[in-house]
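Enquirer: Data file work.cif (mmCIF, C-alpha atoms and all ligand atoms) is appended below.
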data_upload
#
loop_
_atom_site.label_atom_id
_atom_site.label_comp_id
_atom_site.auth_asym_id
_atom_site.auth_seq_id
_atom_site.Cartn_x
_atom_site.Cartn_y
_atom_site.Cartn_z
CA MET D 190 97.02 96.11 134.07
CA THR D 191 94.97 94.63 131.28
CA LEU D 192 94.46 91.17 129.74
CA ARG D 193 96.31 90.58 126.46
CA SER D 194 96.35 87.53 124.17
CA VAL D 195 100.00 86.55 123.86
CA VAL D 196 101.29 84.02 121.33
CA LEU D 197 103.13 81.21 123.11
CA GLY D 198 104.08 79.28 119.99
CA CYS D 199 103.22 78.32 116.43
CA GLY D 200 103.28 75.31 114.14
CA SER D 201 102.29 74.19 110.69
CA TYR D 202 101.82 71.17 108.49
CA LEU D 203 101.98 70.63 104.74
CA PRO D 204 100.88 67.45 102.98
CA ARG D 205 103.77 65.52 101.48
CA GLN D 206 102.68 65.61 97.83
CA ILE D 207 103.92 68.63 95.86
CA LEU D 208 102.23 69.66 92.62
CA THR D 209 104.47 71.81 90.41
CA ASN D 210 103.43 74.21 87.67
CA ALA D 211 105.11 71.91 85.14
CA GLU D 212 102.89 69.00 86.24
CA LEU D 213 99.81 71.23 85.92
CA ALA D 214 100.94 72.30 82.44
CA SER D 215 101.06 68.65 81.39
CA ARG D 216 97.36 68.28 82.33
CA ILE D 217 95.73 71.60 81.34
CA ASP D 218 96.40 74.46 78.93
CA THR D 219 98.71 76.58 81.11
CA SER D 220 102.43 77.18 81.61
CA ASP D 221 104.90 77.70 84.43
CA GLU D 222 105.70 81.09 82.92
CA TRP D 223 102.03 82.26 82.94
CA ILE D 224 101.43 81.10 86.53
CA VAL D 225 104.67 82.58 87.92
CA GLN D 226 104.23 85.88 86.10
CA ARG D 227 100.57 86.38 87.17
CA THR D 228 100.73 84.94 90.68
CA GLY D 229 104.29 84.15 91.83
CA ILE D 230 103.22 80.55 92.52
CA LYS D 231 105.69 77.79 91.58
CA GLN D 232 104.23 74.83 93.47
CA ARG D 233 101.57 73.85 95.99
CA HIS D 234 100.99 70.91 98.36
CA ILE D 235 98.07 68.52 97.86
CA ALA D 236 96.49 66.38 100.60
CA ALA D 237 96.67 62.63 100.07
CA GLU D 238 93.57 60.52 99.58
CA GLY D 239 92.03 59.99 103.02
CA GLU D 240 93.92 62.97 104.45
CA PHE D 241 91.32 65.46 105.70
CA THR D 242 91.38 69.06 106.87
CA SER D 243 91.19 67.82 110.49
CA HIS D 244 94.32 65.69 109.98
CA LEU D 245 96.29 68.67 108.69
CA ALA D 246 94.93 70.79 111.56
CA ILE D 247 95.86 68.23 114.22
CA ASN D 248 99.42 68.02 112.91
CA ALA D 249 99.75 71.82 112.88
CA ALA D 250 98.22 72.06 116.37
CA ARG D 251 100.62 69.44 117.79
CA ALA D 252 103.57 71.35 116.32
CA ALA D 253 102.28 74.61 117.84
CA LEU D 254 101.77 73.00 121.27
CA GLU D 255 105.29 71.59 121.17
CA HIS D 256 106.77 74.94 120.11
CA ALA D 257 104.83 76.66 122.90
CA GLY D 258 105.95 74.03 125.40
CA VAL D 259 102.43 73.52 126.74
CA ASP D 260 100.25 70.45 127.17
CA ALA D 261 97.11 69.94 125.04
CA GLN D 262 95.10 69.59 128.28
CA SER D 263 95.78 73.24 129.11
CA ILE D 264 93.81 74.36 126.01
CA ASP D 265 90.26 75.44 126.77
CA LEU D 266 89.31 77.03 123.43
CA ILE D 267 89.84 75.91 119.82
CA VAL D 268 88.87 78.20 116.97
CA LEU D 269 89.41 76.60 113.57
CA ALA D 270 89.15 78.71 110.43
CA THR D 271 88.26 76.68 107.35
CA SER D 272 86.09 76.71 104.25
CA THR D 273 86.82 73.05 103.56
CA PRO D 274 85.52 71.20 106.64
CA ASP D 275 85.67 67.40 106.84
CA ASN D 276 81.86 67.29 106.94
CA THR D 277 78.98 69.75 106.70
CA PHE D 278 78.70 69.18 110.45
CA PRO D 279 79.93 68.70 113.13
CA ALA D 280 82.61 71.36 113.12
CA THR D 281 86.06 70.17 112.11
CA ALA D 282 87.25 71.86 115.31
CA VAL D 283 85.62 69.11 117.41
CA ALA D 284 87.46 66.46 115.39
CA VAL D 285 90.67 68.34 116.17
CA GLN D 286 89.70 68.65 119.84
CA ASN D 287 89.01 64.92 120.02
CA GLY D 288 92.19 64.08 118.08
CA LEU D 289 94.20 66.03 120.64
CA GLY D 290 92.44 64.18 123.49
CA ILE D 291 90.79 67.35 124.82
CA HIS D 292 87.29 66.88 126.28
CA HIS D 293 86.73 70.17 128.08
CA GLY D 294 86.31 73.76 126.97
CA ALA D 295 84.86 74.74 123.58
CA ALA D 296 85.78 74.14 119.95
CA PHE D 297 84.12 75.62 116.88
CA ASP D 298 84.75 76.43 113.22
CA LEU D 299 84.83 79.89 111.75
CA GLN D 300 84.12 80.60 108.09
CA ALA D 301 85.53 83.74 106.54
CA VAL D 302 87.32 82.10 103.59
CA CYS D 303 90.83 83.52 103.07
CA SER D 304 90.35 86.00 105.93
CA GLY D 305 89.49 83.12 108.26
CA PHE D 306 92.68 83.11 110.30
CA VAL D 307 92.53 86.86 110.97
CA PHE D 308 88.85 86.51 111.95
CA ALA D 309 89.70 83.50 114.16
CA LEU D 310 92.54 85.34 115.89
CA ALA D 311 90.27 88.31 116.59
CA THR D 312 87.53 85.99 117.91
CA ALA D 313 89.84 84.07 120.23
CA ASP D 314 91.41 87.35 121.35
CA ASN D 315 88.01 88.65 122.43
CA PHE D 316 87.21 85.49 124.41
CA LEU D 317 90.62 85.56 126.12
CA ARG D 318 90.54 89.28 126.95
CA GLY D 319 86.97 88.86 128.20
CA GLY D 320 88.18 86.24 130.65
CA ALA D 321 85.99 83.40 129.34
CA TYR D 322 88.97 81.18 128.41
CA LYS D 323 92.65 81.13 129.33
CA ARG D 324 94.51 79.35 126.55
CA ALA D 325 93.42 78.95 122.93
CA LEU D 326 94.49 77.12 119.82
CA VAL D 327 93.78 79.21 116.73
CA ILE D 328 94.08 77.17 113.56
CA GLY D 329 93.74 77.78 109.83
CA ALA D 330 93.42 74.52 107.89
CA GLU D 331 92.29 73.84 104.33
CA THR D 332 92.03 71.19 101.65
CA PHE D 333 91.10 73.51 98.79
CA SER D 334 92.22 70.84 96.31
CA ARG D 335 88.87 69.15 97.08
CA ILE D 336 86.74 72.11 95.91
CA LEU D 337 88.72 73.00 92.78
CA ASP D 338 87.45 72.42 89.27
CA TRP D 339 90.64 70.90 87.88
CA ASN D 340 89.50 71.77 84.34
CA ASP D 341 89.25 75.50 85.14
CA ARG D 342 92.73 76.86 84.52
CA GLY D 343 91.70 80.27 85.88
CA THR D 344 91.36 78.90 89.42
CA CYS D 345 92.96 75.45 89.82
CA VAL D 346 96.51 76.78 89.45
CA LEU D 347 96.10 79.16 92.39
CA PHE D 348 95.33 77.05 95.46
CA GLY D 349 96.96 74.47 97.72
CA ASP D 350 96.41 72.51 100.95
CA GLY D 351 97.95 73.02 104.39
CA ALA D 352 97.44 74.09 107.99
CA GLY D 353 98.96 76.43 110.54
CA ALA D 354 98.25 77.10 114.20
CA VAL D 355 99.16 79.34 117.11
CA VAL D 356 98.72 78.94 120.86
CA LEU D 357 97.35 82.09 122.50
CA GLU D 358 97.30 82.75 126.24
CA ALA D 359 95.55 85.48 128.25
CA GLN D 360 98.23 87.34 130.23
CA GLN D 361 98.16 90.43 132.42
CA GLN D 362 100.08 93.21 130.67
CA GLY D 363 100.66 96.90 131.17
CA GLY D 364 98.71 97.58 127.98
CA ALA D 365 101.42 99.52 126.15
CA ALA D 366 102.14 99.02 122.43
CA SER D 367 105.55 97.70 123.46
CA ASP D 368 103.99 94.87 125.51
CA ARG D 369 103.60 91.45 123.93
CA GLY D 370 100.37 90.13 122.44
CA ILE D 371 97.60 91.13 120.04
CA LEU D 372 97.46 94.92 120.00
CA THR D 373 94.48 95.43 117.74
CA ALA D 374 92.30 93.61 115.20
CA HIS D 375 90.06 95.06 112.47
CA LEU D 376 87.51 92.94 110.63
CA ARG D 377 85.33 93.90 107.65
CA SER D 378 82.94 92.25 105.24
CA ASP D 379 80.67 93.33 102.41
CA GLY D 380 78.29 90.74 100.94
CA GLN D 381 77.53 92.71 97.81
CA HIS D 382 80.67 91.07 96.41
CA LYS D 383 79.67 87.52 97.33
CA SER D 384 79.25 86.33 93.71
CA LYS D 385 82.80 87.35 92.73
CA LEU D 386 84.39 84.49 94.66
CA TYR D 387 82.21 81.62 95.83
CA VAL D 388 81.59 77.88 95.77
CA ASP D 389 78.69 76.86 93.52
CA GLY D 390 77.26 74.30 95.91
CA GLY D 391 76.23 73.78 99.51
CA PRO D 392 73.87 71.79 101.73
CA SER D 393 71.00 74.27 101.57
CA SER D 394 71.29 75.39 97.97
CA SER D 395 72.27 72.35 95.93
CA GLN D 396 72.89 69.50 98.38
CA THR D 397 76.35 69.19 96.77
CA VAL D 398 79.79 70.37 97.85
CA GLY D 399 80.36 72.43 94.69
CA TYR D 400 83.42 74.00 93.08
CA LEU D 401 85.21 77.27 93.61
CA ARG D 402 84.28 80.00 91.10
CA MET D 403 86.03 83.33 90.83
CA GLU D 404 86.08 86.51 88.80
CA GLY D 405 89.82 86.95 89.21
CA ARG D 406 90.04 90.47 87.82
CA GLU D 407 87.22 91.70 90.07
CA VAL D 408 88.94 90.23 93.15
CA PHE D 409 92.21 91.81 92.13
CA LYS D 410 90.55 95.19 91.56
CA HIS D 411 89.23 95.39 95.14
CA ALA D 412 91.99 93.57 97.02
CA VAL D 413 94.68 96.22 97.42
CA GLY D 414 92.30 99.00 98.50
CA MET D 415 90.53 96.82 101.06
CA ILE D 416 93.79 95.43 102.48
CA THR D 417 95.41 98.82 102.84
CA ASP D 418 92.26 100.34 104.43
CA VAL D 419 92.24 97.87 107.35
CA ILE D 420 95.98 98.22 107.82
CA VAL D 421 95.63 101.98 108.13
CA ASP D 422 92.82 101.34 110.67
CA ALA D 423 95.18 99.13 112.72
CA LEU D 424 97.96 101.72 112.69
CA ASN D 425 95.58 104.54 113.60
CA ALA D 426 94.12 102.51 116.49
CA THR D 427 97.54 101.91 118.04
CA GLY D 428 99.37 105.12 117.14
CA LEU D 429 102.06 103.00 115.48
CA SER D 430 103.54 103.73 112.07
CA VAL D 431 104.67 101.66 109.10
CA GLU D 432 108.29 102.15 110.24
CA ASP D 433 107.46 100.34 113.51
CA ILE D 434 106.48 97.14 111.66
CA ASN D 435 109.19 94.47 111.68
CA TRP D 436 107.37 91.87 109.58
CA PHE D 437 104.45 92.08 107.17
CA ILE D 438 102.83 88.63 106.99
CA PRO D 439 99.99 88.90 104.48
CA HIS D 440 97.53 86.31 103.24
CA GLN D 441 99.40 84.55 100.45
CA ALA D 442 96.95 84.82 97.55
CA ASN D 443 99.05 86.32 94.87
CA LYS D 444 102.50 87.96 94.79
CA ARG D 445 101.22 90.86 92.72
CA ILE D 446 98.54 91.72 95.31
CA ILE D 447 101.10 91.45 98.14
CA ASP D 448 103.68 93.58 96.30
CA ALA D 449 101.09 96.23 95.39
CA SER D 450 99.79 96.41 98.99
CA ALA D 451 103.30 96.70 100.46
CA HIS D 452 104.22 99.32 97.87
CA LYS D 453 101.10 101.41 98.59
CA LEU D 454 101.83 101.33 102.33
CA HIS D 455 105.58 101.98 101.86
CA ILE D 456 106.50 98.70 103.57
CA ALA D 457 110.05 97.73 102.55
CA PRO D 458 110.19 94.52 100.43
CA GLN D 459 112.68 92.91 102.86
CA LYS D 460 110.04 93.09 105.63
CA VAL D 461 107.50 91.07 103.61
CA VAL D 462 107.20 87.35 104.39
CA LEU D 463 106.46 85.50 101.13
CA THR D 464 105.56 81.82 100.88
CA VAL D 465 103.07 81.94 98.00
CA ASP D 466 105.78 80.60 95.65
CA ARG D 467 106.00 77.34 97.66
CA HIS D 468 102.52 76.98 99.18
CA GLY D 469 100.17 78.62 96.66
CA ASN D 470 97.03 80.13 98.14
CA THR D 471 96.04 77.95 101.13
CA SER D 472 93.18 80.29 102.12
CA ALA D 473 92.74 80.41 105.92
CA ALA D 474 95.98 78.43 106.40
CA SER D 475 98.25 80.80 104.50
CA ILE D 476 99.04 83.34 107.24
CA PRO D 477 99.90 80.84 110.01
CA LEU D 478 101.93 78.81 107.48
CA ALA D 479 103.92 81.91 106.49
CA LEU D 480 104.24 82.97 110.13
CA ASP D 481 105.63 79.57 111.08
CA VAL D 482 108.21 79.72 108.29
CA ALA D 483 109.42 83.17 109.41
CA VAL D 484 109.51 82.19 113.10
CA LYS D 485 111.32 78.89 112.57
CA ASP D 486 113.94 80.36 110.17
CA GLY D 487 114.75 82.96 112.84
CA ARG D 488 113.47 86.09 111.13
CA VAL D 489 110.71 86.78 113.67
CA LYS D 490 112.16 87.51 117.13
CA LYS D 491 110.59 88.15 120.51
CA GLY D 492 109.36 91.73 120.72
CA ASP D 493 108.97 92.15 116.94
CA LEU D 494 105.86 93.91 115.66
CA LEU D 495 103.96 91.75 113.14
CA LEU D 496 101.30 92.99 110.76
CA LEU D 497 98.92 90.28 109.52
CA GLU D 498 96.27 90.95 106.88
CA ALA D 499 93.91 89.02 104.65
CA MET D 500 91.17 89.50 102.10
CA GLY D 501 88.92 86.84 100.62
CA GLY D 502 85.50 85.58 99.59
CA GLY D 503 82.48 87.50 100.82
CA PHE D 504 84.28 89.81 100.50
CA THR D 505 85.83 89.63 103.95
CA TRP D 506 89.00 91.40 104.98
CA GLY D 507 90.91 92.21 108.13
CA SER D 508 94.16 93.05 109.88
CA VAL D 509 95.88 92.17 113.14
CA LEU D 510 98.84 93.94 114.74
CA LEU D 511 100.66 91.72 117.15
CA ARG D 512 103.80 92.03 119.30
CA TRP D 513 105.64 88.67 119.14
N1 LIG D 601 97.19 79.64 82.22
C1 LIG D 601 97.20 80.27 81.04
N2 LIG D 601 96.29 81.17 80.69
C2 LIG D 601 95.31 81.44 81.58
C3 LIG D 601 95.23 80.81 82.81
C4 LIG D 601 96.22 79.86 83.13
N3 LIG D 601 96.25 79.21 84.29
N4 LIG D 601 94.16 81.28 83.48
C5 LIG D 601 93.57 82.17 82.68
N5 LIG D 601 94.27 82.27 81.53
C6 LIG D 601 93.99 83.11 80.36
C7 LIG D 601 92.53 83.49 80.26
O1 LIG D 601 91.79 82.47 79.62
C8 LIG D 601 92.61 84.73 79.41
O2 LIG D 601 92.79 84.35 78.07
P1 LIG D 601 92.09 85.18 76.86
O3 LIG D 601 92.72 86.55 76.95
O4 LIG D 601 92.50 84.40 75.66
O5 LIG D 601 90.64 85.17 77.17
C9 LIG D 601 93.92 85.39 79.87
O6 LIG D 601 94.68 84.34 80.51
C10 LIG D 601 93.70 86.51 80.84
O7 LIG D 601 92.75 86.05 81.83
P2 LIG D 601 92.42 86.86 83.11
O8 LIG D 601 91.54 86.09 84.01
O9 LIG D 601 91.95 88.22 82.67
O10 LIG D 601 93.88 86.94 83.71
P3 LIG D 601 94.46 87.92 84.77
O11 LIG D 601 95.58 88.67 84.23
O12 LIG D 601 93.38 88.69 85.47
O13 LIG D 601 95.08 86.89 85.81
C11 LIG D 601 94.46 85.96 87.94
C12 LIG D 601 94.23 85.93 86.44
C13 LIG D 601 95.89 85.49 88.21
C14 LIG D 601 93.48 85.01 88.61
C15 LIG D 601 94.29 87.41 88.43
O14 LIG D 601 93.05 87.93 88.01
C16 LIG D 601 94.39 87.51 89.89
O15 LIG D 601 95.46 87.38 90.44
N6 LIG D 601 93.29 87.81 90.56
C17 LIG D 601 93.26 87.88 91.98
C18 LIG D 601 92.50 86.73 92.43
C19 LIG D 601 93.17 85.92 93.48
O16 LIG D 601 94.34 86.00 93.78
N7 LIG D 601 92.36 85.09 94.02
C20 LIG D 601 92.77 84.24 95.05
C21 LIG D 601 91.60 83.99 95.91
S1 LIG D 601 91.04 85.45 96.59
C22 LIG D 601 92.06 85.80 97.76
O17 LIG D 601 92.62 84.93 98.34
C23 LIG D 601 92.28 87.21 98.00
#
Can you give me the file's structure in the form of C-alpha cells?
Ligand code: ACO
Expert:
Amino acid sequence: MTLRSVVLGCGSYLPRQILTNAELASRIDTSDEWIVQRTGIKQRHIAAEGEFTSHLAINAARAALEHAGVDAQSIDLIVLATSTPDNTFPATAVAVQNGLGIHHGAAFDLQAVCSGFVFALATADNFLRGGAYKRALVIGAETFSRILDWNDRGTCVLFGDGAGAVVLEAQQQGGAASDRGILTAHLRSDGQHKSKLYVDGGPSSSQTVGYLRMEGREVFKHAVGMITDVIVDALNATGLSVEDINWFIPHQANKRIIDASAHKLHIAPQKVVLTVDRHGNTSAASIPLALDVAVKDGRVKKGDLLLLEAMGGGFTWGSVLLRW
C-alpha cells in the first residue's frame, strides 16, 4: 500500500463580463479573423472592478468543495498558483483561506506563471504523499487583465481572467497505474528564457506592478518541444502509452500550440479538451478551468487517465498524469 493524492472534486469560476474579439477590434488595430486564425481565441472573461484574484479563487474553491462533497474545515493545505496576486504580500492563498473560514493548516502562493497549476498540483501531491497534510485545495486563479498593456495588440488579445480548483486527498492505494490519483508529475524550468515572457515591473526592480511583455514567436518556437518532452517523461515514468490517455487537458495558451503538441504525440483530436476559444489564456487557471468543463459536461469519467501539461514564463513547463 502507498499514499496517493486522489482528486475528490473540482470547480471553477469565470467573471461575468465577456470581452469579444469584435469589441477588441473596435478599440485597437486587430480583427476577429487575425485573433482566431493565430490563436483560436474568440472571447475571454474580464474581472469586474473590485473583483480580485482571491474572489475568483474563493468562488472556484467553494464550487470544488461542493462537487467533492467535503467541508472547508477538512482542508489542511491550500496551494494557490497565481502571477496576479491581490497584493505583493501576504499570499493570496491566505485571503482565500480566511474567506473560506479556515484557520488551521497552511496556505501559500506558488508562482510558475502559466505552469503554475501543474507546479501546484505536484507540490500538494508531495505534501500529501509525505503525510504532512491530508486534504488539499489546489487552485489556479488569475486576473491577467490587470497586467496587460491594452495598447499592445500582440499581447492584450491573448489573455483572460478566471479560476479553477481541485480538492485532493491522501488515500492508501495499491500503487498500480490503474489506481486512482496522481500517478506522476514532471516539472522543469530554464531561466535563460526569462526575458522572452515577463512583466516589466515588480517590488524589487521598479516598485511598480508592470505590464506583460512577450516575444510571441520565441515562445511559440520553444513551446511544442518543451511540452512534448515532459509528456514523454511522464509516459516513460509510468510505463503508460499515448493510447492509454483518455483526455489531454493542456494549458490553454493557443490552439496552434495545442494542436501541434497533440499532433506530435499522436494524441487523437477528439481526446483534446479545448476551452481557449471561450476563456482565452487564463495562465495558471486555464487547466483547472478546462478540467472542470470536461468533468461537468460528462466527458471525464471515474477511472479515466488524464494528461495535464503546461508551459509558460521562465520558461517553466511540466506534466501530470492522473487517474480520475
Ligand atoms: N492583430 C493584428 N495584427 C497583429 C496582432 C493583432 N492582435 N498582433 C500582432 N499583429 C501583427 C504584428 O504587428 C505583425 O505585423 P507586421 O508583420 O506588420 O510587423 C504581424 O501581426 C505578425 O506578428 P507576429 O508577432 O510575428 O505574429 P505571429 O504569427 O507570431 O503571432 C502570436 C503572434 C499569436 C502571439 C504567436 O507568436 C503565438 O501564438 N505565440 C505563442 C505565444 C503564446 O501563446 N503566449 C501565451 C503566453 S505563453 C504561454 O502561455 C505558453
Enquirer: So how far away is CA of Gly428 (chain D) from CA of Lys490 (chain D), in Å?
Expert: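 Spanning CA of Lys490 (chain D) to CA of Gly428 (chain D) is a straight-line distance of 21.8 Å.
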Enquirer: Would you pick out the contacts of region 249-261 of chain D at 7 Å or less, using only C-alpha atoms, so that residues sharing its chain but fewer than 6 positions from it are not included, and give the list as a list in words?
Expert: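 Once the adjacent positions are removed, what remains is Leu197, Gly198, Cys199, Gly200, Ser201, Tyr202, Leu289, Ile291, Ala352, Gly353, Ala354, Val355 and Val356 of chain D.
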Enquirer: Choose the residue, out of D:Thr471, D:Thr427, D:Ser263, D:Thr312, that has the smallest atom-to-atom separation from ligand LIG 601 (chain D); count only C-alpha atoms and all ligand atoms.
Expert: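 Nearest to ligand LIG 601 (chain D): D:Thr471.
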Enquirer: Quick one: of D:Gly370, D:Gly349, D:Gly391, D:Gly399, who's nearest to Leu317 (chain D), counting all atoms listed in the file?
Expert: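 When distances to Leu317 (chain D) are compared using all atoms listed in the file, the smallest one comes from D:Gly370.
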Enquirer: Counting only C-alpha atoms and all ligand atoms, which protein, DNA or RNA residues come within 9 Å of ligand LIG 601 (chain D), given as an MDAnalysis selection string?
Expert: chainID D and resid 213:214 217:224 226:228 302:304 341:348 386 403:410 412 440:446 470:473 499:502 504 506
Enquirer: Go through D:Gly469, D:Pro458, D:Pro439, D:Gly294 and flag the residue nearest Leu510 (chain D), using only C-alpha atoms for the distances.
Expert: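 Closest candidate: D:Pro439.
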Enquirer: What gap, in Å, lies between CA of Thr191 (chain D) and CA of Gly329 (chain D)?
Expert: 27.3 Å
Enquirer: What does the structure give for the distance between CA of Asn210 (chain D) and CA of Gly229 (chain D), in Å to one decimal?
Expert: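 CA of Gly229 (chain D) lies 10.8 Å from CA of Asn210 (chain D).
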Enquirer: Restricting the calculation to only C-alpha atoms, which member of D:Ser194, D:Asn287, D:Thr332, D:Gln361 is positioned closest to Asn315 (chain D)?
Expert: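 Nearest candidate to Asn315 (chain D) out of D:Ser194, D:Asn287, D:Thr332, D:Gln361: D:Ser194.
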Enquirer: Around (104.3, 99.4, 110.4), as given in the file, which residues come within 10 Å? Count all atoms listed in the file and list them as a short mmCIF file (atom, residue, chain, number, x, y, z; two decimals) with C-alpha atoms, in the frame of the given file.
Expert:
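Output file selection07.cif is given in full below:
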data_model
loop_
_atom_site.label_atom_id
_atom_site.label_comp_id
_atom_site.auth_asym_id
_atom_site.auth_seq_id
_atom_site.Cartn_x
_atom_site.Cartn_y
_atom_site.Cartn_z
CA ILE D 420 95.98 98.22 107.82
CA VAL D 421 95.63 101.98 108.13
CA ALA D 423 95.18 99.13 112.72
CA LEU D 424 97.96 101.72 112.69
CA LEU D 429 102.06 103.00 115.48
CA SER D 430 103.54 103.73 112.07
CA VAL D 431 104.67 101.66 109.10
CA GLU D 432 108.29 102.15 110.24
CA ASP D 433 107.46 100.34 113.51
CA ILE D 434 106.48 97.14 111.66
CA ASN D 435 109.19 94.47 111.68
CA TRP D 436 107.37 91.87 109.58
CA PHE D 437 104.45 92.08 107.17
CA LEU D 454 101.83 101.33 102.33
CA HIS D 455 105.58 101.98 101.86
CA ILE D 456 106.50 98.70 103.57
CA ALA D 457 110.05 97.73 102.55
CA LYS D 460 110.04 93.09 105.63
CA LEU D 494 105.86 93.91 115.66
CA LEU D 495 103.96 91.75 113.14
CA LEU D 496 101.30 92.99 110.76
CA LEU D 510 98.84 93.94 114.74
#
Enquirer: Compile the contact shell of Tyr322 (chain D) as a PyMOL selection string: residues with an atom at most 7 Å away, counting only C-alpha atoms, same-chain residues fewer than 4 positions apart removed.
Expert: chain D and resi 265-266+316-317
Enquirer: Go through D:Val307, D:Ala366, D:Val327, D:Val225 one by one, measure the shortest atom-to-atom distance of each to Asp466 (chain D) using only C-alpha atoms, and give the residue with the smallest value.
Expert: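 Comparing D:Val307, D:Ala366, D:Val327, D:Val225 against Asp466 (chain D), the winner is D:Val225.
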Enquirer: I'd like to know which of D:Glu238, D:Asp350, D:Glu358, D:Asp448 is closest to Ile371 (chain D), using all atoms listed in the file.
Expert: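 For Ile371 (chain D), the nearest of the candidates is D:Glu358.
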Enquirer: Taking all atoms of region 292-310 of chain D that the file lists, what box with edges along x, y and z, padded by 6 Å per side, do you get, with centre and edge lengths in Å to one decimal, as AutoDock Vina command-line options?
Expert:
--center_x 88.4 --center_y 76.9 --center_z 115.6 --size_x 20.6 --size_y 32.0 --size_z 37.0
Enquirer: Give me, as an NGL selection string, all polymer residues having an atom no more than 6 Å from Gln206 (chain D), counting only C-alpha atoms and skipping those fewer than 2 positions away in the same chain.
Expert: :D and (204 or 234-235)
